[in-house]
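The structure file data_21.csv is reproduced below (CSV, C-alpha atoms and all ligand atoms).
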chain,number,residue,atom,x,y,z
A,1,MET,CA,-75.1,-17.8,21.9
A,2,VAL,CA,-78.8,-18.3,21.6
A,3,SER,CA,-81.4,-15.7,20.6
A,4,VAL,CA,-84.9,-16.1,21.8
A,5,ALA,CA,-88.1,-14.2,21.1
A,6,ILE,CA,-91.2,-14.4,23.3
A,7,LEU,CA,-94.4,-13.3,21.6
A,8,GLY,CA,-97.1,-12.3,24.1
A,9,ALA,CA,-94.4,-11.5,26.7
A,10,ALA,CA,-96.5,-9.1,28.7
A,11,GLY,CA,-99.2,-11.6,29.5
A,12,GLY,CA,-99.9,-13.9,32.5
A,13,ILE,CA,-97.5,-16.6,31.1
A,14,GLY,CA,-95.3,-14.2,29.1
A,15,GLN,CA,-94.1,-12.2,32.2
A,16,PRO,CA,-92.9,-15.1,34.4
A,17,LEU,CA,-91.6,-17.0,31.3
A,18,SER,CA,-89.6,-13.9,30.3
A,19,LEU,CA,-88.2,-13.8,33.8
A,20,LEU,CA,-87.2,-17.5,33.7
A,21,MET,CA,-85.6,-17.1,30.3
A,22,LYS,CA,-83.6,-14.1,31.5
A,23,LEU,CA,-82.2,-16.5,34.2
A,24,ASN,CA,-81.2,-19.0,31.5
A,25,THR,CA,-77.4,-18.3,31.0
A,26,SER,CA,-77.3,-19.8,27.5
A,27,ILE,CA,-79.5,-17.0,26.2
A,28,THR,CA,-77.6,-14.0,24.8
A,29,LYS,CA,-80.5,-12.1,23.2
A,30,LEU,CA,-84.0,-12.0,24.6
A,31,ASN,CA,-86.6,-10.2,22.4
A,32,LEU,CA,-89.9,-9.5,24.2
A,33,TYR,CA,-92.9,-8.7,22.0
A,34,ASP,CA,-96.5,-7.8,22.8
A,35,ILE,CA,-99.2,-5.5,21.7
A,36,VAL,CA,-99.4,-3.8,25.2
A,37,ASN,CA,-97.2,-3.1,28.3
A,38,VAL,CA,-94.0,-4.7,27.0
A,39,PRO,CA,-91.6,-1.8,27.5
A,40,GLY,CA,-92.2,-1.9,31.3
A,41,VAL,CA,-91.8,-5.7,31.4
A,42,ALA,CA,-88.6,-5.6,29.4
A,43,ALA,CA,-87.1,-2.6,31.4
A,44,ASP,CA,-87.8,-4.5,34.7
A,45,ILE,CA,-86.3,-7.8,33.6
A,46,SER,CA,-83.4,-6.1,31.9
A,47,HIS,CA,-82.0,-5.1,35.3
A,48,ILE,CA,-81.3,-8.7,36.3
A,49,ALA,CA,-77.6,-9.4,36.3
A,50,THR,CA,-77.3,-12.1,33.7
A,51,ASN,CA,-75.7,-11.5,30.3
A,52,ALA,CA,-78.7,-11.7,28.0
A,53,GLU,CA,-79.6,-8.4,26.2
A,54,VAL,CA,-83.3,-7.7,26.7
A,55,LYS,CA,-85.2,-5.6,24.2
A,56,ALA,CA,-88.9,-4.6,24.0
A,57,PHE,CA,-90.9,-4.7,20.8
A,58,LEU,CA,-94.3,-3.1,20.9
A,59,GLY,CA,-97.1,-3.6,18.4
A,60,PRO,CA,-97.3,-4.9,14.8
A,61,THR,CA,-94.8,-2.3,13.4
A,62,GLN,CA,-92.1,-3.8,15.6
A,63,LEU,CA,-93.0,-7.5,15.1
A,64,ALA,CA,-90.6,-8.1,12.2
A,65,ASP,CA,-87.6,-6.8,14.2
A,66,ALA,CA,-88.7,-8.8,17.2
A,67,VAL,CA,-88.4,-12.1,15.2
A,68,THR,CA,-85.4,-11.3,13.1
A,69,ASN,CA,-82.3,-13.6,13.6
A,70,VAL,CA,-83.9,-15.6,16.4
A,71,ASP,CA,-83.1,-19.3,17.1
A,72,LEU,CA,-86.2,-20.0,19.1
A,73,ALA,CA,-89.6,-18.2,19.1
A,74,ILE,CA,-92.0,-19.0,21.9
A,75,ILE,CA,-95.6,-18.0,21.5
A,76,PRO,CA,-97.8,-17.6,24.6
A,77,ALA,CA,-99.9,-14.8,22.9
A,78,GLY,CA,-103.6,-15.1,23.0
A,79,VAL,CA,-106.7,-15.2,25.2
A,80,PRO,CA,-107.0,-17.7,28.1
A,81,ARG,CA,-110.1,-19.6,29.2
A,82,LYS,CA,-112.8,-18.5,31.7
A,83,PRO,CA,-114.9,-21.0,33.7
A,84,GLY,CA,-117.3,-22.8,31.4
A,85,MET,CA,-115.1,-22.5,28.3
A,86,THR,CA,-113.2,-25.2,26.5
A,87,ARG,CA,-109.9,-24.6,24.8
A,88,ASP,CA,-111.6,-24.8,21.5
A,89,ASP,CA,-113.7,-21.8,22.4
A,90,LEU,CA,-110.5,-19.8,22.2
A,91,PHE,CA,-110.0,-20.7,18.5
A,92,LYS,CA,-111.8,-17.7,17.1
A,93,ILE,CA,-109.4,-15.2,18.5
A,94,ASN,CA,-106.2,-17.1,18.9
A,95,ALA,CA,-106.2,-18.7,15.4
A,96,GLY,CA,-105.7,-15.2,13.8
A,97,ILE,CA,-103.1,-14.2,16.4
A,98,VAL,CA,-101.0,-17.3,15.9
A,99,LYS,CA,-101.3,-17.0,12.1
A,100,SER,CA,-99.9,-13.4,12.0
A,101,LEU,CA,-97.1,-14.2,14.4
A,102,VAL,CA,-96.0,-17.3,12.5
A,103,GLU,CA,-96.1,-15.4,9.2
A,104,ALA,CA,-93.7,-12.9,10.7
A,105,ILE,CA,-91.3,-15.6,11.9
A,106,ALA,CA,-91.5,-17.4,8.6
A,107,GLU,CA,-90.5,-14.1,6.8
A,108,ASN,CA,-87.8,-13.0,9.2
A,109,SER,CA,-86.3,-16.2,10.8
A,110,PRO,CA,-87.3,-19.0,8.5
A,111,LYS,CA,-85.0,-21.5,10.3
A,112,ALA,CA,-86.2,-20.6,13.8
A,113,ILE,CA,-87.6,-23.3,16.1
A,114,ILE,CA,-91.2,-22.4,17.0
A,115,ALA,CA,-92.8,-23.4,20.3
A,116,ILE,CA,-96.5,-22.7,20.5
A,117,ILE,CA,-98.2,-22.4,23.9
A,118,SER,CA,-101.4,-20.5,22.7
A,119,ASN,CA,-104.5,-22.6,22.9
A,120,PRO,CA,-106.1,-24.6,21.4
A,121,VAL,CA,-102.6,-26.2,20.8
A,122,ASN,CA,-104.3,-29.1,18.9
A,123,SER,CA,-105.3,-26.6,16.2
A,124,THR,CA,-102.8,-23.7,16.5
A,125,VAL,CA,-99.9,-26.0,15.7
A,126,PRO,CA,-101.6,-27.2,12.5
A,127,ILE,CA,-102.2,-23.5,11.7
A,128,ALA,CA,-98.5,-22.8,12.0
A,129,ALA,CA,-97.6,-25.7,9.8
A,130,GLU,CA,-99.9,-24.5,7.0
A,131,ILE,CA,-98.5,-21.0,7.2
A,132,LEU,CA,-94.9,-22.3,7.1
A,133,LYS,CA,-95.9,-24.5,4.1
A,134,ALA,CA,-97.5,-21.5,2.3
A,135,LYS,CA,-94.3,-19.5,2.9
A,136,GLY,CA,-92.1,-22.3,1.6
A,137,VAL,CA,-90.1,-22.7,4.8
A,138,TYR,CA,-91.8,-25.7,6.5
A,139,ASP,CA,-89.5,-28.0,8.4
A,140,PRO,CA,-91.6,-30.4,10.6
A,141,LYS,CA,-88.6,-31.0,12.8
A,142,ARG,CA,-88.7,-27.3,14.0
A,143,LEU,CA,-92.4,-26.9,15.0
A,144,PHE,CA,-93.6,-27.8,18.5
A,145,GLY,CA,-96.8,-27.5,20.5
A,146,VAL,CA,-95.8,-27.2,24.2
A,147,THR,CA,-97.5,-30.0,26.2
A,148,THR,CA,-94.9,-30.0,29.0
A,149,LEU,CA,-97.5,-28.9,31.5
A,150,ASP,CA,-99.3,-32.2,31.1
A,151,VAL,CA,-96.3,-34.2,32.1
A,152,VAL,CA,-95.4,-31.8,34.9
A,153,ARG,CA,-98.9,-32.3,36.2
A,154,ALA,CA,-98.8,-36.1,35.8
A,155,SER,CA,-95.6,-36.3,37.9
A,156,ARG,CA,-97.0,-34.0,40.6
A,157,PHE,CA,-100.5,-35.6,40.7
A,158,VAL,CA,-99.0,-39.1,41.0
A,159,ARG,CA,-97.1,-37.9,44.0
A,160,ASP,CA,-100.3,-36.6,45.6
A,161,ILE,CA,-101.5,-40.2,46.0
A,162,ARG,CA,-98.0,-41.9,46.2
A,163,PRO,CA,-96.0,-39.6,48.5
A,164,GLU,CA,-93.1,-42.1,48.5
A,165,LEU,CA,-92.4,-41.1,44.9
A,166,ASP,CA,-90.2,-38.2,43.9
A,167,ALA,CA,-92.2,-35.8,41.7
A,168,THR,CA,-89.0,-34.2,40.4
A,169,THR,CA,-87.6,-37.4,38.8
A,170,LEU,CA,-90.8,-39.3,38.0
A,171,ARG,CA,-91.6,-39.3,34.3
A,172,VAL,CA,-95.1,-40.3,33.0
A,173,PRO,CA,-95.2,-40.3,29.2
A,174,VAL,CA,-98.3,-38.3,28.0
A,175,VAL,CA,-99.4,-38.8,24.3
A,176,GLY,CA,-102.1,-37.4,22.1
A,177,GLY,CA,-102.9,-33.7,22.3
A,178,HIS,CA,-103.4,-30.9,24.8
A,179,SER,CA,-107.1,-30.8,25.8
A,180,GLY,CA,-109.4,-33.0,27.8
A,181,ASN,CA,-109.6,-36.5,26.5
A,182,THR,CA,-106.9,-35.9,23.9
A,183,ILE,CA,-104.4,-35.9,26.8
A,184,VAL,CA,-103.5,-39.6,27.4
A,185,PRO,CA,-101.2,-40.3,30.3
A,186,LEU,CA,-99.5,-43.7,30.0
A,187,LEU,CA,-99.2,-44.5,33.7
A,188,SER,CA,-98.4,-48.2,33.1
A,189,ILE,CA,-95.0,-47.2,31.6
A,190,ALA,CA,-94.0,-44.4,34.0
A,191,SER,CA,-90.3,-44.3,34.9
A,192,SER,CA,-91.1,-45.9,38.4
A,193,PRO,CA,-93.8,-48.6,38.7
A,194,ILE,CA,-97.1,-47.1,40.1
A,195,LYS,CA,-99.5,-49.7,41.5
A,196,LEU,CA,-103.0,-48.3,41.1
A,197,SER,CA,-106.5,-49.7,41.7
A,198,THR,CA,-109.0,-49.3,38.9
A,199,GLU,CA,-110.6,-46.4,40.8
A,200,GLU,CA,-107.3,-44.7,41.4
A,201,ARG,CA,-106.2,-45.1,37.7
A,202,ASP,CA,-109.5,-43.6,36.5
A,203,ALA,CA,-109.4,-40.7,38.9
A,204,LEU,CA,-105.7,-39.9,38.2
A,205,THR,CA,-106.2,-40.1,34.4
A,206,HIS,CA,-109.1,-37.8,34.7
A,207,ARG,CA,-107.2,-35.3,36.9
A,208,ILE,CA,-104.3,-35.2,34.4
A,209,GLN,CA,-106.7,-34.7,31.5
A,210,PHE,CA,-108.6,-31.9,33.2
A,211,GLY,CA,-105.9,-30.4,35.4
A,212,GLY,CA,-106.2,-27.1,33.5
A,213,ASP,CA,-109.8,-26.8,34.5
A,214,GLU,CA,-108.8,-26.9,38.2
A,215,VAL,CA,-106.8,-23.8,37.7
A,216,VAL,CA,-109.4,-22.1,35.6
A,217,LYS,CA,-112.0,-22.8,38.3
A,218,ALA,CA,-109.8,-21.6,41.1
A,219,LYS,CA,-108.9,-18.4,39.3
A,220,ASP,CA,-112.6,-17.8,38.9
A,221,GLY,CA,-112.6,-15.6,35.7
A,222,ALA,CA,-109.1,-14.3,36.0
A,223,GLY,CA,-107.6,-16.7,33.5
A,224,SER,CA,-105.9,-20.1,33.4
A,225,ALA,CA,-102.5,-21.6,34.4
A,226,THR,CA,-99.7,-19.0,34.1
A,227,LEU,CA,-97.1,-19.7,36.7
A,228,SER,CA,-96.9,-23.5,36.3
A,229,MET,CA,-97.1,-22.9,32.6
A,230,ALA,CA,-94.2,-20.5,32.7
A,231,TYR,CA,-92.2,-23.2,34.6
A,232,ALA,CA,-93.2,-25.8,32.0
A,233,GLY,CA,-92.5,-23.4,29.1
A,234,ALA,CA,-89.1,-22.6,30.5
A,235,ARG,CA,-88.3,-26.2,31.0
A,236,PHE,CA,-89.2,-27.0,27.3
A,237,ALA,CA,-87.2,-24.0,26.1
A,238,ASP,CA,-84.2,-25.0,28.1
A,239,SER,CA,-84.4,-28.5,26.6
A,240,ILE,CA,-84.5,-27.0,23.0
A,241,ILE,CA,-81.5,-24.7,23.9
A,242,ARG,CA,-79.5,-27.6,25.4
A,243,ALA,CA,-80.2,-29.7,22.3
A,244,LEU,CA,-79.1,-26.8,20.0
A,245,GLY,CA,-75.9,-26.8,22.0
A,246,GLY,CA,-75.3,-30.5,21.1
A,247,GLU,CA,-76.8,-32.3,24.1
A,248,SER,CA,-79.2,-35.1,23.6
A,249,VAL,CA,-82.5,-34.2,25.5
A,250,VAL,CA,-85.8,-36.0,25.7
A,251,GLU,CA,-89.1,-34.1,26.0
A,252,PRO,CA,-92.8,-34.8,25.3
A,253,THR,CA,-94.4,-32.5,22.8
A,254,PHE,CA,-97.1,-32.1,20.1
A,255,ILE,CA,-95.4,-32.4,16.8
A,256,PRO,CA,-96.0,-33.0,13.1
A,257,LEU,CA,-95.3,-36.8,12.8
A,258,ALA,CA,-93.6,-36.0,9.5
A,259,ALA,CA,-90.6,-35.0,11.7
A,260,ASP,CA,-89.7,-38.7,12.0
A,261,PRO,CA,-91.9,-40.8,9.7
A,262,GLU,CA,-90.0,-44.0,10.6
A,263,GLY,CA,-90.2,-43.4,14.4
A,264,ALA,CA,-93.9,-42.4,14.1
A,265,LYS,CA,-94.9,-45.9,12.8
A,266,GLN,CA,-95.2,-47.2,16.4
A,267,ILE,CA,-97.6,-44.5,17.6
A,268,ARG,CA,-99.6,-44.8,14.4
A,269,GLU,CA,-100.0,-48.5,15.0
A,270,LEU,CA,-101.0,-47.8,18.6
A,271,GLY,CA,-104.0,-45.6,17.4
A,272,ALA,CA,-102.7,-42.4,15.9
A,273,GLY,CA,-103.5,-43.8,12.5
A,274,ASP,CA,-102.8,-41.3,9.7
A,275,LEU,CA,-103.0,-38.2,11.9
A,276,GLU,CA,-100.5,-35.5,10.9
A,277,PHE,CA,-99.9,-34.3,14.5
A,278,PHE,CA,-99.6,-36.1,17.8
A,279,ALA,CA,-98.0,-35.6,21.2
A,280,VAL,CA,-95.1,-38.0,21.6
A,281,THR,CA,-91.8,-38.1,23.5
A,282,VAL,CA,-89.0,-36.9,21.3
A,283,GLU,CA,-85.3,-36.8,21.4
A,284,LEU,CA,-84.2,-33.3,20.5
A,285,GLY,CA,-81.1,-32.4,18.6
A,286,LYS,CA,-79.4,-29.5,16.9
A,287,GLU,CA,-82.0,-29.4,14.1
A,288,GLY,CA,-85.1,-29.8,16.4
A,289,VAL,CA,-86.6,-33.3,16.5
A,290,LYS,CA,-83.9,-35.9,16.1
A,291,SER,CA,-86.3,-38.9,16.6
A,292,ILE,CA,-89.5,-40.1,18.2
A,293,VAL,CA,-88.7,-42.1,21.3
A,294,GLN,CA,-90.1,-45.7,21.0
A,295,LEU,CA,-92.4,-46.8,23.9
A,296,PRO,CA,-92.3,-50.2,25.6
A,297,THR,CA,-95.7,-50.9,24.0
A,298,SER,CA,-96.2,-54.5,25.2
A,299,ASN,CA,-96.7,-53.0,28.7
A,300,LEU,CA,-99.6,-50.7,27.6
A,301,THR,CA,-103.0,-51.6,29.1
A,302,GLY,CA,-106.3,-51.9,27.2
A,303,PHE,CA,-107.5,-48.8,29.0
A,304,GLU,CA,-104.6,-46.8,27.6
A,305,LEU,CA,-105.0,-48.1,24.1
A,306,LYS,CA,-108.7,-47.2,24.2
A,307,ALA,CA,-107.8,-43.7,25.4
A,308,ILE,CA,-105.4,-43.3,22.5
A,309,ALA,CA,-108.2,-44.2,20.1
A,310,VAL,CA,-110.6,-41.7,21.7
A,311,ALA,CA,-107.9,-39.0,21.6
A,312,ALA,CA,-107.2,-39.7,17.9
A,313,GLU,CA,-110.8,-39.2,17.0
A,314,ALA,CA,-111.0,-35.8,18.7
A,315,LEU,CA,-107.7,-34.8,17.3
A,316,THR,CA,-108.9,-35.5,13.7
A,317,THR,CA,-111.4,-32.7,14.1
A,318,ASN,CA,-109.1,-30.3,16.0
A,319,ILE,CA,-106.3,-30.7,13.3
A,320,SER,CA,-108.6,-30.1,10.4
A,321,THR,CA,-110.1,-27.1,12.1
A,322,GLY,CA,-106.6,-25.6,12.1
A,323,VAL,CA,-105.7,-26.6,8.6
A,324,ASN,CA,-109.0,-25.4,7.1
A,325,PHE,CA,-108.6,-22.0,8.9
A,326,VAL,CA,-105.6,-21.3,6.8
A,327,LYS,CA,-106.7,-23.0,3.6
A,328,ASN,CA,-110.1,-21.1,3.6
A,329,ALA,CA,-108.5,-17.7,4.6
B,401,LIG,P1,-103.0,-13.4,29.0
B,401,LIG,O1,-104.2,-12.8,28.5
B,401,LIG,O2,-102.6,-13.2,30.4
B,401,LIG,O3,-101.7,-13.0,28.1
B,401,LIG,C1,-101.8,-13.0,26.7
B,401,LIG,C2,-100.9,-12.0,26.2
B,401,LIG,O4,-100.9,-12.1,24.7
B,401,LIG,C3,-101.3,-10.5,26.5
B,401,LIG,O5,-100.2,-9.8,27.1
B,401,LIG,C4,-101.8,-9.9,25.2
B,401,LIG,O6,-101.5,-8.5,25.1
B,401,LIG,C5,-100.9,-10.7,24.2
B,401,LIG,N1,-101.4,-10.7,22.9
B,401,LIG,C6,-102.7,-10.7,22.4
B,401,LIG,N2,-102.7,-10.6,21.1
B,401,LIG,C7,-101.4,-10.5,20.7
B,401,LIG,C8,-100.7,-10.4,19.4
B,401,LIG,N3,-101.4,-10.3,18.3
B,401,LIG,N4,-99.4,-10.4,19.4
B,401,LIG,C9,-98.7,-10.5,20.6
B,401,LIG,N5,-99.2,-10.6,21.8
B,401,LIG,C10,-100.6,-10.6,21.8
B,401,LIG,O7,-103.1,-15.0,28.7
B,401,LIG,P2,-102.1,-16.2,29.3
B,401,LIG,O8,-102.7,-16.6,30.6
B,401,LIG,O9,-100.7,-15.7,29.3
B,401,LIG,O10,-102.4,-17.3,28.3
B,401,LIG,C11,-101.9,-17.2,26.9
B,401,LIG,C12,-102.3,-18.4,26.1
B,401,LIG,O11,-101.6,-19.6,26.6
B,401,LIG,C13,-103.8,-18.8,26.2
B,401,LIG,O12,-104.3,-19.1,24.9
B,401,LIG,C14,-103.9,-20.0,27.1
B,401,LIG,O13,-105.0,-20.8,26.8
B,401,LIG,C15,-102.6,-20.7,26.7
B,401,LIG,N6,-102.1,-21.7,27.6
B,401,LIG,C16,-101.5,-22.8,27.1
B,401,LIG,C17,-101.0,-23.7,28.0
B,401,LIG,C18,-100.3,-25.0,27.4
B,401,LIG,O14,-100.1,-25.9,28.2
B,401,LIG,N7,-100.0,-25.0,26.2
B,401,LIG,C19,-101.0,-23.5,29.4
B,401,LIG,C20,-101.6,-22.4,29.9
B,401,LIG,C21,-102.1,-21.4,29.0
B,402,LIG,C1,-103.7,-25.7,30.8
B,402,LIG,O1,-103.6,-26.9,30.6
B,402,LIG,O2,-103.6,-25.2,32.0
B,402,LIG,C2,-103.8,-24.7,29.7
B,402,LIG,O3,-104.1,-25.4,28.5
B,402,LIG,C3,-104.8,-23.6,30.0
B,402,LIG,C4,-106.3,-24.1,30.0
B,402,LIG,O4,-107.1,-23.5,29.4
B,402,LIG,O5,-106.6,-25.0,30.8

What does the file become when written as structure tokens?
Amino acid sequence: MVSVAILGAAGGIGQPLSLLMKLNTSITKLNLYDIVNVPGVAADISHIATNAEVKAFLGPTQLADAVTNVDLAIIPAGVPRKPGMTRDDLFKINAGIVKSLVEAIAENSPKAIIAIISNPVNSTVPIAAEILKAKGVYDPKRLFGVTTLDVVRASRFVRDIRPELDATTLRVPVVGGHSGNTIVPLLSIASSPIKLSTEERDALTHRIQFGGDEVVKAKDGAGSATLSMAYAGARFADSIIRALGGESVVEPTFIPLAADPEGAKQIRELGAGDLEFFAVTVELGKEGVKSIVQLPTSNLTGFELKAIAVAAEALTTNISTGVNFVKNA
């Protein structure tokens, strides 16, 4: 019995994500919200023979109803990149969108788990935290930035150069954030050993960090990753839902480190310093974050530790941009 709302459900990510969520048999209620086109998307998806009840919610006057009594709210609303843009260039428009959506969730489902896809994730998650604090309902265990696509890409890109490995089971921890050099793949502690020359390591790391740009370039002005993102978003949502049902599930995600201050000590010592948010691997439970998974740190390379320090520096700015947006509003 899980109720899910998708905000931005008629978009490039929203539509395939809504489809995949309709196929998730644990979901009993699926609320689809957008400011355009959502009645058609919901009518279409509602014909699929699974048990979830699908409802459309169109425009700001229906937002409160869309997010009332939901367990999980997933936010892919907002503009995507065009060639030549960075994710930070999306801030101007997406910051306000995320702010208004999180306000509505805080007011109508204060205990909902919130999963933010809208970019720049490094700043939109801090925006959400500030809104939830202002509304008096902040629980750092229940707020997530979705970085699953980074680990999905890492598994697939490794297989591109090591075809003997299975992309479906290989896990590469990715820490930091979700943009360029804030994305730090820890290839040395992947679930299967990967022997790489220095050139291969550099090229693979760069490809994982800038994988989003490959799609933006190939789409040539028509947006950014939508289908692989819908897959990644559905995988993340399914992990949250299984954890709500009592399973212990492990996922990488960008979270407030206050969700597990004790568990965060390790990543802080590795370079996250006093940052409030960082992407880490977490064990999920019924209340959201159960704990931050500890890494086999003695195996990390100097290259990876340096990359964590570079990520932390960029994240400091990204996080304060988000926090200041709400504080100065
Ligand atoms: P899109 O333009 O195709 O869809 C966005 C949807 O959001 C549209 O249907 C639009 O009507 C809707 N929208 C706009 N304002 C809204 C509001 N106030 N309330 C509700 N809905 C609103 O874009 P897309 O390709 O689906 O990408 C969406 C976002 O996801 C972008 O910011 C993109 O950068 C981001 N993204 C993140 C990741 C990640 O890994 N976290 C991956 C891919 C894309
Ligand atoms: C991605 O990683 O594909 C997304 O963040 C979208 C983008 O702008 O690259």

Could you please extract the residues within 6 Å of ligand LIG 401 (chain B), counting only C-alpha atoms and all ligand atoms, and hand them back as a compact mmCIF listing (two decimals) with C-alpha atoms, in the coordinates of the input?
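Contents of pocket-v2.txt, as written:
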# COMPACT_ATOMS: atom_id res chain seq x y z
CA LEU A 7 -94.40 -13.30 21.60
CA GLY A 8 -97.10 -12.30 24.10
CA ALA A 10 -96.50 -9.10 28.70
CA GLY A 11 -99.20 -11.60 29.50
CA GLY A 12 -99.90 -13.90 32.50
CA ILE A 13 -97.50 -16.60 31.10
CA GLY A 14 -95.30 -14.20 29.10
CA ASP A 34 -96.50 -7.80 22.80
CA ILE A 35 -99.20 -5.50 21.70
CA VAL A 36 -99.40 -3.80 25.20
CA PRO A 76 -97.80 -17.60 24.60
CA ALA A 77 -99.90 -14.80 22.90
CA GLY A 78 -103.60 -15.10 23.00
CA VAL A 79 -106.70 -15.20 25.20
CA PRO A 80 -107.00 -17.70 28.10
CA ARG A 81 -110.10 -19.60 29.20
CA ILE A 97 -103.10 -14.20 16.40
CA ILE A 117 -98.20 -22.40 23.90
CA SER A 118 -101.40 -20.50 22.70
CA ASN A 119 -104.50 -22.60 22.90
CA VAL A 146 -95.80 -27.20 24.20
CA THR A 147 -97.50 -30.00 26.20
CA LEU A 149 -97.50 -28.90 31.50
CA GLY A 223 -107.60 -16.70 33.50
CA SER A 224 -105.90 -20.10 33.40
CA ALA A 225 -102.50 -21.60 34.40
CA THR A 226 -99.70 -19.00 34.10
CA MET A 229 -97.10 -22.90 32.60

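Near stretch 151-154 of chain A, within a cut-off of 9 Å and counting only C-alpha atoms, sit the residues Thr147, Thr148, Phe157, Val158, Arg159, Ala167, Thr168, Leu170, Arg171, Val172, Pro173, Val174, Pro185, Leu187, Leu204, Thr205, Arg207, Ile208, Gly211, Ser228, Ala232 and Pro252 of chain A, with same-chain residues fewer than 3 positions away left out.
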
Selection file, C-alpha atoms, as an mmCIF file, in the coordinates of the input:
data_model
loop_
_atom_site.group_PDB
_atom_site.id
_atom_site.type_symbol
_atom_site.label_atom_id
_atom_site.label_comp_id
_atom_site.auth_asym_id
_atom_site.auth_seq_id
_atom_site.Cartn_x
_atom_site.Cartn_y
_atom_site.Cartn_z
ATOM 1 C CA THR A 147 -97.500 -30.000 26.200
ATOM 2 C CA THR A 148 -94.900 -30.000 29.000
ATOM 3 C CA PHE A 157 -100.500 -35.600 40.700
ATOM 4 C CA VAL A 158 -99.000 -39.100 41.000
ATOM 5 C CA ARG A 159 -97.100 -37.900 44.000
ATOM 6 C CA ALA A 167 -92.200 -35.800 41.700
ATOM 7 C CA THR A 168 -89.000 -34.200 40.400
ATOM 8 C CA LEU A 170 -90.800 -39.300 38.000
ATOM 9 C CA ARG A 171 -91.600 -39.300 34.300
ATOM 10 C CA VAL A 172 -95.100 -40.300 33.000
ATOM 11 C CA PRO A 173 -95.200 -40.300 29.200
ATOM 12 C CA VAL A 174 -98.300 -38.300 28.000
ATOM 13 C CA PRO A 185 -101.200 -40.300 30.300
ATOM 14 C CA LEU A 187 -99.200 -44.500 33.700
ATOM 15 C CA LEU A 204 -105.700 -39.900 38.200
ATOM 16 C CA THR A 205 -106.200 -40.100 34.400
ATOM 17 C CA ARG A 207 -107.200 -35.300 36.900
ATOM 18 C CA ILE A 208 -104.300 -35.200 34.400
ATOM 19 C CA GLY A 211 -105.900 -30.400 35.400
ATOM 20 C CA SER A 228 -96.900 -23.500 36.300
ATOM 21 C CA ALA A 232 -93.200 -25.800 32.000
ATOM 22 C CA PRO A 252 -92.800 -34.800 25.300
#

Could you please give me, as a PyMOL selection string, the residues of protein, DNA or RNA lying at most 9 Å from (-106.1, -51.1, 18.8) in the coordinate frame of the file, considering only C-alpha atoms?
-> chain A and resi 269-271+302+305-306+308-309

Point (-103.1, -26.5, 21.3), cut-off 8 Å, counting only C-alpha atoms, residues as JSON, numbers by chain = {"A": [87, 116, 117, 118, 119, 120, 121, 122, 123, 124, 125, 145, 146, 177, 178, 179]}

Distance criterion (all atoms listed in the file): nearest to A:Lys55 out of A:Ala5, A:Ala307, A:Glu251, A:Leu72 |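 Once distances to A:Lys55 are computed over all atoms listed in the file, the minimum belongs to A:Ala5.
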
Given all atoms listed in the file as the counted atoms, nearest of A:Lys92, A:Thr281, A:Val4, A:Gly84 to A:Ser26 |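 Ranked by minimum distance to A:Ser26, first place goes to A:Val4.
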
Determine the nearest neighbour of ligand LIG 402 (chain B) from the options A:Ala49, A:Ala218, A:Leu257, A:Leu244, counting only C-alpha atoms and all ligand atoms.
->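 Using only C-alpha atoms and all ligand atoms, the shortest distance to ligand LIG 402 (chain B) belongs to A:Ala218.
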
Å distance separating atom CA of A:Thr86 from atom CA of A:Glu313, one decimal place | 17.1 Å

Could you check which of A:Thr316, A:Gln209, A:Thr68, A:Ser192 is closest to ligand LIG 402 (chain B), using all atoms listed in the file?
->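 Going through A:Thr316, A:Gln209, A:Thr68, A:Ser192 one by one, the smallest distance to ligand LIG 402 (chain B) is for A:Gln209.
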